[in-house]
>>> print(open('structure-v2.tsv').read())   # TSV, C-alpha atoms and all ligand atoms
chain	number	residue	atom	x	y	z
D	68	MET	CA	113.02	75.27	109.28
D	69	ALA	CA	110.60	74.81	106.41
D	70	LYS	CA	111.45	72.49	103.54
D	71	ARG	CA	113.25	74.33	100.79
D	72	PHE	CA	112.83	73.99	97.06
D	73	SER	CA	114.98	75.04	94.15
D	74	VAL	CA	114.76	78.54	92.67
D	75	SER	CA	112.95	77.22	89.60
D	76	GLU	CA	110.52	75.18	91.66
D	77	TYR	CA	109.51	78.30	93.56
D	78	ALA	CA	109.44	80.48	90.45
D	79	ASP	CA	107.51	78.01	88.26
D	80	GLY	CA	105.03	77.43	91.07
D	81	ILE	CA	104.45	81.14	91.57
D	82	LEU	CA	104.15	81.92	87.87
D	83	SER	CA	101.64	79.13	87.35
D	84	GLY	CA	99.51	80.56	90.16
D	85	ASN	CA	100.16	77.76	92.63
D	86	ARG	CA	99.21	79.37	95.92
D	87	VAL	CA	100.98	76.80	98.07
D	88	MET	CA	104.26	77.68	96.37
D	89	LEU	CA	103.40	81.38	96.65
D	90	SER	CA	102.90	80.97	100.39
D	91	ARG	CA	106.15	79.07	100.72
D	92	ALA	CA	108.03	81.76	98.83
D	93	ILE	CA	106.54	84.45	101.06
D	94	THR	CA	107.65	82.45	104.09
D	95	LEU	CA	111.12	82.54	102.56
D	96	VAL	CA	111.15	86.33	102.15
D	97	GLU	CA	109.94	86.65	105.74
D	98	SER	CA	112.73	84.43	107.04
D	99	THR	CA	115.68	86.12	108.69
D	100	LEU	CA	118.05	83.20	107.97
D	101	PRO	CA	120.78	84.35	105.57
D	102	THR	CA	120.43	81.18	103.45
D	103	ASP	CA	116.65	81.72	103.11
D	104	GLN	CA	117.24	85.36	102.28
D	105	ALA	CA	119.74	84.47	99.55
D	106	LEU	CA	117.31	81.98	98.03
D	107	ALA	CA	114.45	84.48	98.30
D	108	GLN	CA	116.44	87.08	96.38
D	109	GLN	CA	117.11	84.60	93.57
D	110	VAL	CA	113.43	83.74	93.35
D	111	LEU	CA	112.55	87.45	93.29
D	112	ASP	CA	115.03	88.07	90.48
D	113	VAL	CA	113.45	85.35	88.36
D	114	VAL	CA	109.84	86.42	88.86
D	115	LEU	CA	110.39	90.19	88.82
D	116	PRO	CA	109.84	90.60	85.05
D	117	HIS	CA	106.36	89.13	85.59
D	118	ALA	CA	105.47	91.52	88.40
D	119	GLY	CA	104.39	95.15	88.41
D	120	ARG	CA	101.12	94.76	86.57
D	121	SER	CA	98.70	95.16	89.44
D	122	VAL	CA	97.00	98.08	91.09
D	123	ARG	CA	98.37	98.45	94.60
D	124	VAL	CA	96.03	99.96	97.17
D	125	GLY	CA	96.99	100.83	100.73
D	126	ILE	CA	94.15	100.76	103.25
D	127	THR	CA	94.42	102.34	106.67
D	128	GLY	CA	92.28	103.53	109.58
D	129	VAL	CA	92.18	103.06	113.32
D	130	PRO	CA	91.30	99.65	114.79
D	131	GLY	CA	87.53	99.27	114.83
D	132	VAL	CA	86.92	101.60	111.90
D	133	GLY	CA	85.87	98.55	109.91
D	134	LYS	CA	88.93	97.78	107.78
D	135	SER	CA	88.60	94.05	107.57
D	136	THR	CA	84.84	94.18	107.04
D	137	PHE	CA	85.32	96.75	104.29
D	138	ILE	CA	88.16	94.80	102.67
D	139	GLU	CA	85.98	91.72	102.61
D	140	ALA	CA	83.08	93.63	101.02
D	141	LEU	CA	85.22	95.40	98.42
D	142	GLY	CA	87.28	92.26	97.85
D	143	LEU	CA	84.19	90.16	97.16
D	144	HIS	CA	82.97	92.83	94.75
D	145	LEU	CA	86.30	92.67	92.91
D	146	VAL	CA	86.54	88.91	92.63
D	147	ARG	CA	82.83	88.29	91.93
D	148	GLU	CA	81.70	91.24	89.84
D	149	GLN	CA	84.96	92.41	88.32
D	150	GLY	CA	86.65	89.05	87.78
D	151	LYS	CA	89.78	90.27	89.54
D	152	ARG	CA	92.38	88.24	91.34
D	153	LEU	CA	93.06	89.91	94.66
D	154	ALA	CA	95.83	89.54	97.21
D	155	VAL	CA	95.52	91.07	100.68
D	156	LEU	CA	98.69	91.70	102.66
D	157	ALA	CA	99.05	93.37	106.03
D	158	VAL	CA	101.62	95.50	107.79
D	159	ASP	CA	101.50	95.03	111.53
D	160	PRO	CA	104.91	95.69	113.06
D	161	SER	CA	105.80	93.89	116.29
D	162	SER	CA	102.33	92.57	116.85
D	163	GLN	CA	101.53	92.48	120.55
D	164	ARG	CA	99.17	89.64	120.01
D	165	GLY	CA	101.52	86.92	121.12
D	166	GLY	CA	102.58	85.63	117.75
D	167	GLY	CA	99.21	86.30	116.22
D	168	SER	CA	98.58	88.66	113.39
D	169	ILE	CA	95.94	91.17	112.45
D	170	LEU	CA	94.55	88.96	109.74
D	171	GLY	CA	95.22	85.58	111.25
D	172	ASP	CA	93.96	85.85	114.78
D	173	LYS	CA	90.43	86.91	114.01
D	174	THR	CA	87.82	85.11	112.06
D	175	ARG	CA	87.78	87.90	109.55
D	176	MET	CA	87.29	87.94	105.83
D	177	ASN	CA	86.10	84.35	105.90
D	178	GLU	CA	84.17	84.48	102.69
D	179	LEU	CA	86.90	86.33	100.85
D	180	ALA	CA	89.58	83.99	102.17
D	181	ALA	CA	87.62	81.02	100.84
D	182	HIS	CA	87.27	82.50	97.35
D	183	PRO	CA	89.61	80.90	94.77
D	184	GLN	CA	90.50	84.29	93.25
D	185	ALA	CA	91.53	85.79	96.58
D	186	TYR	CA	94.73	85.27	98.49
D	187	ILE	CA	95.03	86.57	102.05
D	188	ARG	CA	98.34	86.67	103.85
D	189	PRO	CA	98.67	87.80	107.46
D	190	SER	CA	101.49	90.05	108.60
D	191	PRO	CA	104.55	88.23	109.92
D	192	ALA	CA	104.44	88.39	113.70
D	193	GLY	CA	106.94	90.05	115.97
D	194	ARG	CA	108.94	91.93	113.35
D	195	SER	CA	110.18	95.50	113.37
D	196	LEU	CA	108.60	98.01	111.01
D	197	GLY	CA	111.68	97.84	108.79
D	198	GLY	CA	111.52	94.06	108.66
D	199	VAL	CA	107.82	93.86	108.00
D	200	THR	CA	108.02	96.60	105.36
D	201	LYS	CA	110.74	94.76	103.47
D	202	SER	CA	108.96	91.43	103.54
D	203	THR	CA	105.61	92.98	102.59
D	204	ARG	CA	107.17	94.74	99.61
D	205	GLU	CA	108.71	91.50	98.47
D	206	ALA	CA	105.50	89.54	99.10
D	207	LEU	CA	103.71	92.11	96.96
D	208	VAL	CA	106.06	91.39	94.05
D	209	LEU	CA	105.53	87.64	94.47
D	210	CYS	CA	101.73	88.08	94.52
D	211	GLU	CA	101.87	90.12	91.33
D	212	ALA	CA	104.00	87.51	89.62
D	213	ALA	CA	101.41	84.93	90.68
D	214	GLY	CA	98.84	86.84	88.63
D	215	HIS	CA	96.99	88.94	91.18
D	216	ASP	CA	95.85	92.11	89.49
D	217	VAL	CA	94.81	93.97	92.62
D	218	ILE	CA	96.86	94.06	95.84
D	219	PHE	CA	95.53	95.49	99.08
D	220	VAL	CA	98.04	96.36	101.77
D	221	GLU	CA	96.31	96.89	105.10
D	222	THR	CA	97.79	98.69	108.11
D	223	VAL	CA	96.63	98.74	111.69
D	224	GLY	CA	96.68	102.52	111.54
D	225	VAL	CA	99.05	103.25	114.37
D	226	GLY	CA	102.56	104.60	114.42
D	227	GLN	CA	104.63	104.77	111.30
D	228	SER	CA	103.18	101.89	109.32
D	229	GLU	CA	100.98	104.19	107.20
D	230	THR	CA	104.02	105.97	105.80
D	231	ALA	CA	105.67	102.66	105.01
D	232	VAL	CA	102.57	101.38	103.24
D	233	HIS	CA	102.08	104.66	101.38
D	234	GLY	CA	105.59	104.15	100.02
D	235	MET	CA	104.72	100.83	98.40
D	236	VAL	CA	101.29	101.47	96.88
D	237	ASP	CA	99.76	103.42	94.01
D	238	PHE	CA	96.65	104.55	95.84
D	239	PHE	CA	96.09	105.25	99.52
D	240	LEU	CA	92.65	104.85	101.07
D	241	LEU	CA	91.82	106.14	104.53
D	242	LEU	CA	88.83	104.76	106.40
D	243	MET	CA	87.21	107.05	108.97
D	244	LEU	CA	84.27	107.05	111.33
D	245	ALA	CA	81.64	109.75	111.45
D	246	GLY	CA	81.58	111.90	114.55
D	247	ALA	CA	84.63	110.49	116.23
D	248	GLY	CA	86.85	113.54	115.73
D	249	ASP	CA	90.30	113.49	114.20
D	250	GLU	CA	92.16	113.18	117.46
D	251	LEU	CA	90.01	110.38	118.74
D	252	GLN	CA	90.76	108.52	115.57
D	253	GLY	CA	94.47	108.98	115.98
D	254	ILE	CA	94.59	110.60	112.59
D	255	LYS	CA	97.61	112.76	112.23
D	256	LYS	CA	97.55	115.57	109.72
D	257	GLY	CA	100.16	113.86	107.58
D	258	ILE	CA	97.94	110.84	107.11
D	259	MET	CA	95.05	112.89	105.78
D	260	GLU	CA	97.49	114.43	103.32
D	261	MET	CA	98.59	111.04	102.08
D	262	ALA	CA	95.04	109.92	101.31
D	263	ASP	CA	93.88	109.73	97.69
D	264	ALA	CA	90.43	108.86	98.98
D	265	VAL	CA	88.66	108.84	102.32
D	266	THR	CA	85.60	106.74	102.94
D	267	ILE	CA	83.40	107.29	105.97
D	268	THR	CA	82.54	103.77	107.10
D	269	LYS	CA	79.42	102.29	108.69
D	270	ALA	CA	77.13	104.64	106.79
D	271	ASP	CA	74.04	102.62	107.59
D	272	GLY	CA	71.02	102.75	109.90
D	273	GLY	CA	71.02	105.64	112.34
D	274	ASN	CA	74.57	106.51	111.37
D	275	GLU	CA	73.85	107.44	107.78
D	276	LEU	CA	73.12	111.10	108.26
D	277	ALA	CA	76.20	111.65	110.45
D	278	ALA	CA	78.28	109.88	107.82
D	279	ARG	CA	77.03	112.15	105.08
D	280	ARG	CA	77.73	115.19	107.20
D	281	ALA	CA	81.25	113.95	107.94
D	282	ARG	CA	81.79	113.35	104.24
D	283	ALA	CA	81.01	116.99	103.45
D	284	GLU	CA	83.28	118.20	106.27
D	285	TYR	CA	86.25	116.12	105.17
D	286	GLN	CA	85.73	117.01	101.55
D	287	ASN	CA	85.90	120.69	102.50
D	288	ALA	CA	88.95	120.14	104.69
D	289	LEU	CA	90.78	118.30	101.91
D	290	HIS	CA	90.12	121.10	99.47
D	291	LEU	CA	92.25	123.35	101.64
D	292	TYR	CA	95.35	121.25	101.01
D	293	PRO	CA	97.53	122.12	98.05
D	294	LEU	CA	97.11	119.79	95.08
D	295	ALA	CA	99.37	116.73	95.36
D	296	PRO	CA	102.09	116.04	92.75
D	297	SER	CA	99.69	113.52	91.24
D	298	GLN	CA	97.34	116.42	90.35
D	299	TRP	CA	94.60	114.28	91.83
D	300	SER	CA	92.02	115.84	94.14
D	301	PRO	CA	91.23	113.42	96.96
D	302	VAL	CA	87.69	112.09	96.99
D	303	VAL	CA	85.57	111.52	100.09
D	304	THR	CA	82.76	108.97	100.02
D	305	THR	CA	80.52	107.17	102.47
D	306	SER	CA	80.18	103.41	102.53
D	307	SER	CA	78.64	100.57	104.46
D	308	ALA	CA	80.20	97.16	104.37
D	309	VAL	CA	76.97	95.82	105.87
D	310	THR	CA	74.52	97.11	103.24
D	311	GLY	CA	77.11	97.35	100.50
D	312	GLN	CA	76.18	100.97	99.79
D	313	GLY	CA	79.13	102.91	98.40
D	314	VAL	CA	81.50	99.96	98.25
D	315	PRO	CA	81.73	99.54	94.44
D	316	GLU	CA	82.03	103.33	94.20
D	317	VAL	CA	85.33	103.22	96.06
D	318	TRP	CA	86.67	100.93	93.35
D	319	GLU	CA	85.41	103.34	90.69
D	320	VAL	CA	87.41	106.09	92.37
D	321	VAL	CA	90.54	103.90	92.33
D	322	GLN	CA	90.03	103.17	88.64
D	323	ARG	CA	89.58	106.84	87.86
D	324	TYR	CA	92.78	107.64	89.71
D	325	VAL	CA	94.71	104.92	87.87
D	326	GLN	CA	93.45	106.13	84.50
D	327	GLN	CA	94.22	109.77	85.20
D	328	THR	CA	97.70	109.15	86.58
D	329	GLN	CA	98.60	106.64	83.88
D	330	GLU	CA	97.66	109.17	81.24
D	331	SER	CA	99.70	111.89	82.91
D	332	GLY	CA	102.65	109.53	83.43
D	333	TYR	CA	102.60	110.09	87.19
D	334	PHE	CA	101.66	106.48	87.91
D	335	GLN	CA	104.81	105.08	86.26
D	336	ARG	CA	107.02	107.87	87.60
D	337	ARG	CA	105.91	107.25	91.14
D	338	ARG	CA	106.67	103.54	90.90
D	339	GLN	CA	110.14	104.35	89.60
D	340	GLU	CA	110.67	106.71	92.52
D	341	GLN	CA	109.45	104.06	94.96
D	342	ASN	CA	111.90	101.55	93.48
D	343	LEU	CA	114.78	104.00	93.75
D	344	HIS	CA	113.85	104.84	97.30
D	345	TRP	CA	113.78	101.14	98.08
D	346	LEU	CA	117.22	100.65	96.54
D	347	HIS	CA	118.77	103.27	98.79
D	348	GLU	CA	116.83	102.12	101.80
D	349	THR	CA	118.14	98.58	101.28
D	350	ILE	CA	121.72	99.79	100.88
D	351	ARG	CA	121.46	101.82	104.05
D	352	GLU	CA	120.00	98.97	106.06
D	353	THR	CA	122.42	96.41	104.70
D	354	LEU	CA	125.43	98.57	105.48
D	355	GLU	CA	124.15	99.23	108.95
D	356	THR	CA	123.49	95.57	109.68
D	357	ARG	CA	126.90	94.53	108.36
D	358	PHE	CA	128.57	97.23	110.39
D	359	TYR	CA	127.02	96.19	113.70
D	360	GLN	CA	127.64	92.52	112.96
D	361	ARG	CA	131.40	93.01	112.62
D	362	PRO	CA	133.13	91.36	115.60
D	363	GLU	CA	135.50	94.33	116.12
D	364	VAL	CA	132.54	96.70	116.31
D	365	ALA	CA	130.51	94.42	118.55
D	366	GLN	CA	133.51	94.14	120.87
D	367	ARG	CA	134.21	97.88	121.13
D	368	LEU	CA	130.65	99.17	121.01
D	369	ALA	CA	129.70	98.93	124.70
D	370	GLU	CA	132.85	100.68	125.87
D	371	VAL	CA	132.61	103.47	123.31
D	372	GLN	CA	128.94	103.99	124.16
D	373	GLN	CA	129.88	104.37	127.80
D	374	GLN	CA	132.57	106.90	126.93
D	375	VAL	CA	130.04	108.93	124.96
D	376	MET	CA	127.54	108.79	127.82
D	377	ASP	CA	130.21	109.92	130.32
D	378	GLY	CA	131.19	112.78	128.07
D	379	ARG	CA	134.70	111.41	127.63
D	380	LYS	CA	134.27	111.14	123.88
D	381	SER	CA	132.22	113.09	121.40
D	382	ALA	CA	129.55	111.19	119.50
D	383	PHE	CA	131.19	112.20	116.27
D	384	GLY	CA	134.66	111.11	117.34
D	385	ALA	CA	133.31	107.82	118.67
D	386	ALA	CA	131.46	107.12	115.43
D	387	GLU	CA	134.62	107.87	113.45
D	388	GLU	CA	136.57	105.46	115.61
D	389	LEU	CA	134.04	102.63	115.20
D	390	LEU	CA	133.68	103.23	111.48
D	391	GLY	CA	137.45	103.11	111.16
D	392	LEU	CA	137.71	99.64	112.68
D	401	LIG	P1	89.01	96.86	111.94
D	401	LIG	O1	89.57	96.71	113.31
D	401	LIG	O2	89.28	98.23	111.39
D	401	LIG	O3	89.47	95.78	111.00
D	401	LIG	O4	87.42	96.77	112.05
D	401	LIG	P2	86.43	95.53	111.82
D	401	LIG	O5	86.25	95.27	110.37
D	401	LIG	O6	86.87	94.39	112.66
D	401	LIG	O7	85.06	96.14	112.35
D	401	LIG	C1	84.89	96.62	113.66
D	401	LIG	C2	83.45	96.51	114.06
D	401	LIG	O8	82.64	97.35	113.25
D	401	LIG	C3	82.88	95.11	113.92
D	401	LIG	O9	82.06	94.84	115.01
D	401	LIG	C4	82.07	95.18	112.64
D	401	LIG	O10	80.99	94.29	112.65
D	401	LIG	C5	81.59	96.61	112.64
D	401	LIG	N1	81.38	97.10	111.28
D	401	LIG	C6	82.28	97.04	110.27
D	401	LIG	N2	81.79	97.57	109.14
D	401	LIG	C7	80.53	97.99	109.43
D	401	LIG	C8	79.49	98.65	108.66
D	401	LIG	O11	79.63	98.94	107.47
D	401	LIG	N3	78.35	98.95	109.32
D	401	LIG	C9	78.16	98.64	110.64
D	401	LIG	N4	77.01	98.98	111.18
D	401	LIG	N5	79.10	98.03	111.38
D	401	LIG	C10	80.28	97.71	110.79
>>> encode(input="structure-v2.tsv", output="structure tokens")
Amino acid sequence: MAKRFSVSEYADGILSGNRVMLSRAITLVESTLPTDQALAQQVLDVVLPHAGRSVRVGITGVPGVGKSTFIEALGLHLVREQGKRLAVLAVDPSSQRGGGSILGDKTRMNELAAHPQAYIRPSPAGRSLGGVTKSTREALVLCEAAGHDVIFVETVGVGQSETAVHGMVDFFLLLMLAGAGDELQGIKKGIMEMADAVTITKADGGNELAARRARAEYQNALHLYPLAPSQWSPVVTTSSAVTGQGVPEVWEVVQRYVQQTQESGYFQRRRQEQNLHWLHETIRETLETRFYQRPEVAQRLAEVQQQVMDGRKSAFGAAEELLGL
């Protein structure tokens, strides 16, 4: 177990921008030990009033689309040209990479990682989507309290992690390849609908024309969707992380979105809704965990399950019985 500090040591460290303390606090929120969790919640309570002032951007796309290369290019633009402080978090549930992580196991984002205004945190390894979502949300709050004004949350682009990330960010960016076809890219319809912007990556060299064509196609396709509650029409761009073409433009789109939705009040409303959703999600999960941890339940569960499987008990009746214990 890692060395533990007092609540004020963590909080003061985070608020003064001490990245070692920030990392330690994130390790605490990722811990499943009840004592670590209790301490983490106290730290979160103290720093929460200092959080919430960043722009949160979710970034998704299939593996190989160029996420990490793009994040490095856009990230360097933000820290160098825009004077931003950037944190990059990742959601990678139950990583198959033997304890590795999508950010940690590759030599990716080297330049960005070395920049003093950037903070890169890999996804905790071997956690369920629920677990990694919770810890990423909390890490996001800690990063904001530490003074980062832009937060990127990256997904690996498979399964349900896009929905989870969409639920914790202000702006959702989808990276796509030209000419690969929606199905090939594992892009489900719902994901396109979540996107506030799409950028066709690797728009360089011989790929440029195809990228521009894909841009027009996706722009047309997105126009067919009904306008989102944000009243924002999704934007499609092309970009190359190699030449840098189109990379700053993506940030301009994000800024335009933030300005428009802050003026309309949608930005604030959506964050409130996300917080409420999170409240109920936490209650549901906590109740469920406590329920299954009860010794009476644990003792009866296997037998009752068998009875349900054999058709000797209805699922409803069995649930009632266990809940009544
Ligand atoms: P990820 O799996 O989505 O994070 O993708 P990576 O960032 O690791 O990129 C996958 C591959 O595409 C790597 O070999 C990159 O060098 C390459 N790549 C990424 N961005 C670009 C780009 O803008 N242009 C070109 N030509 N190649 C790129």
>>> closest_residue(input="structure-v2.tsv", among="D:Ala107, D:Ala157, D:Ala365, D:Ala140", to="D:Glu178", atoms="only C-alpha atoms")
D:Ala140
>>> residues_around(input="structure-v2.tsv", residues="stretch 270-287 of chain D", least_positions_apart="6", cutoff="10 Å", atoms="all atoms listed in the file", output="list in words")
Met243, Leu244, Ala245, Gly246, Ala247, Gly248, Met259, Ala264, Ser300, Pro301, Val302, Val303, Thr304, Thr305, Ser306, Ser307, Ala308, Val309, Thr310, Gly311, Gln312 and Gly313 of chain D
>>> axis_aligned_box(input="structure-v2.tsv", around="ligand LIG 401 (chain D)", padding_each_side="4 Å", output="JSON")
{"center_x": 83.3, "center_y": 96.6, "center_z": 111.2, "size_x": 20.6, "size_y": 12.7, "size_z": 15.5}
>>> residues_near_point(input="structure-v2.tsv", point="(110.7, 89.3, 84.9)", cutoff="12 Å", atoms="all atoms listed in the file", output="list of chain:residue names")
D:Ala78, D:Leu82, D:Gln109, D:Val110, D:Leu111, D:Asp112, D:Val113, D:Val114, D:Leu115, D:Pro116, D:His117, D:Ala118, D:Gly119, D:Arg120, D:Val208, D:Leu209, D:Glu211, D:Ala212, D:Ala213
>>> residues_around(input="structure-v2.tsv", residues="D:Arg337", least_positions_apart="4", cutoff="8 Å", atoms="all atoms listed in the file", output="list in words")
Asp237, Tyr333 and Gln341 of chain D
>>> residues_around(input="structure-v2.tsv", residues="D:Gln149", least_positions_apart="5", cutoff="12 Å", atoms="all atoms listed in the file", output="PDB file with C-alpha atoms, in the frame of the given file")
ATOM      1  CA  LEU D 141      85.220  95.400  98.420  1.00  0.00           C
ATOM      2  CA  GLY D 142      87.280  92.260  97.850  1.00  0.00           C
ATOM      3  CA  LEU D 143      84.190  90.160  97.160  1.00  0.00           C
ATOM      4  CA  HIS D 144      82.970  92.830  94.750  1.00  0.00           C
ATOM      5  CA  GLN D 184      90.500  84.290  93.250  1.00  0.00           C
ATOM      6  CA  ASP D 216      95.850  92.110  89.490  1.00  0.00           C
ATOM      7  CA  VAL D 217      94.810  93.970  92.620  1.00  0.00           C
ATOM      8  CA  PRO D 315      81.730  99.540  94.440  1.00  0.00           C
ATOM      9  CA  TRP D 318      86.670 100.930  93.350  1.00  0.00           C
ATOM     10  CA  GLU D 319      85.410 103.340  90.690  1.00  0.00           C
ATOM     11  CA  GLN D 322      90.030 103.170  88.640  1.00  0.00           C
TER      12      GLN D 322
END
>>> residues_around(input="structure-v2.tsv", residues="stretch 227-230 of chain D", least_positions_apart="3", cutoff="10 Å", atoms="only C-alpha atoms", output="list in words")
Gly125, Ile126, Thr127, Gly128, Val158, Asp159, Pro160, Leu196, Gly197, Val199, Thr200, Val220, Glu221, Thr222, Val223, Gly224, His233, Gly234, Met235, Phe239, Leu241, Gly257, Ile258 and Met261 of chain D
>>> residues_near_ligand(input="structure-v2.tsv", ligand="ligand LIG 401 (chain D)", cutoff="6 Å", atoms="only C-alpha atoms and all ligand atoms", output="number ranges by chain")
D: 129-136, 268-269, 271, 307-309
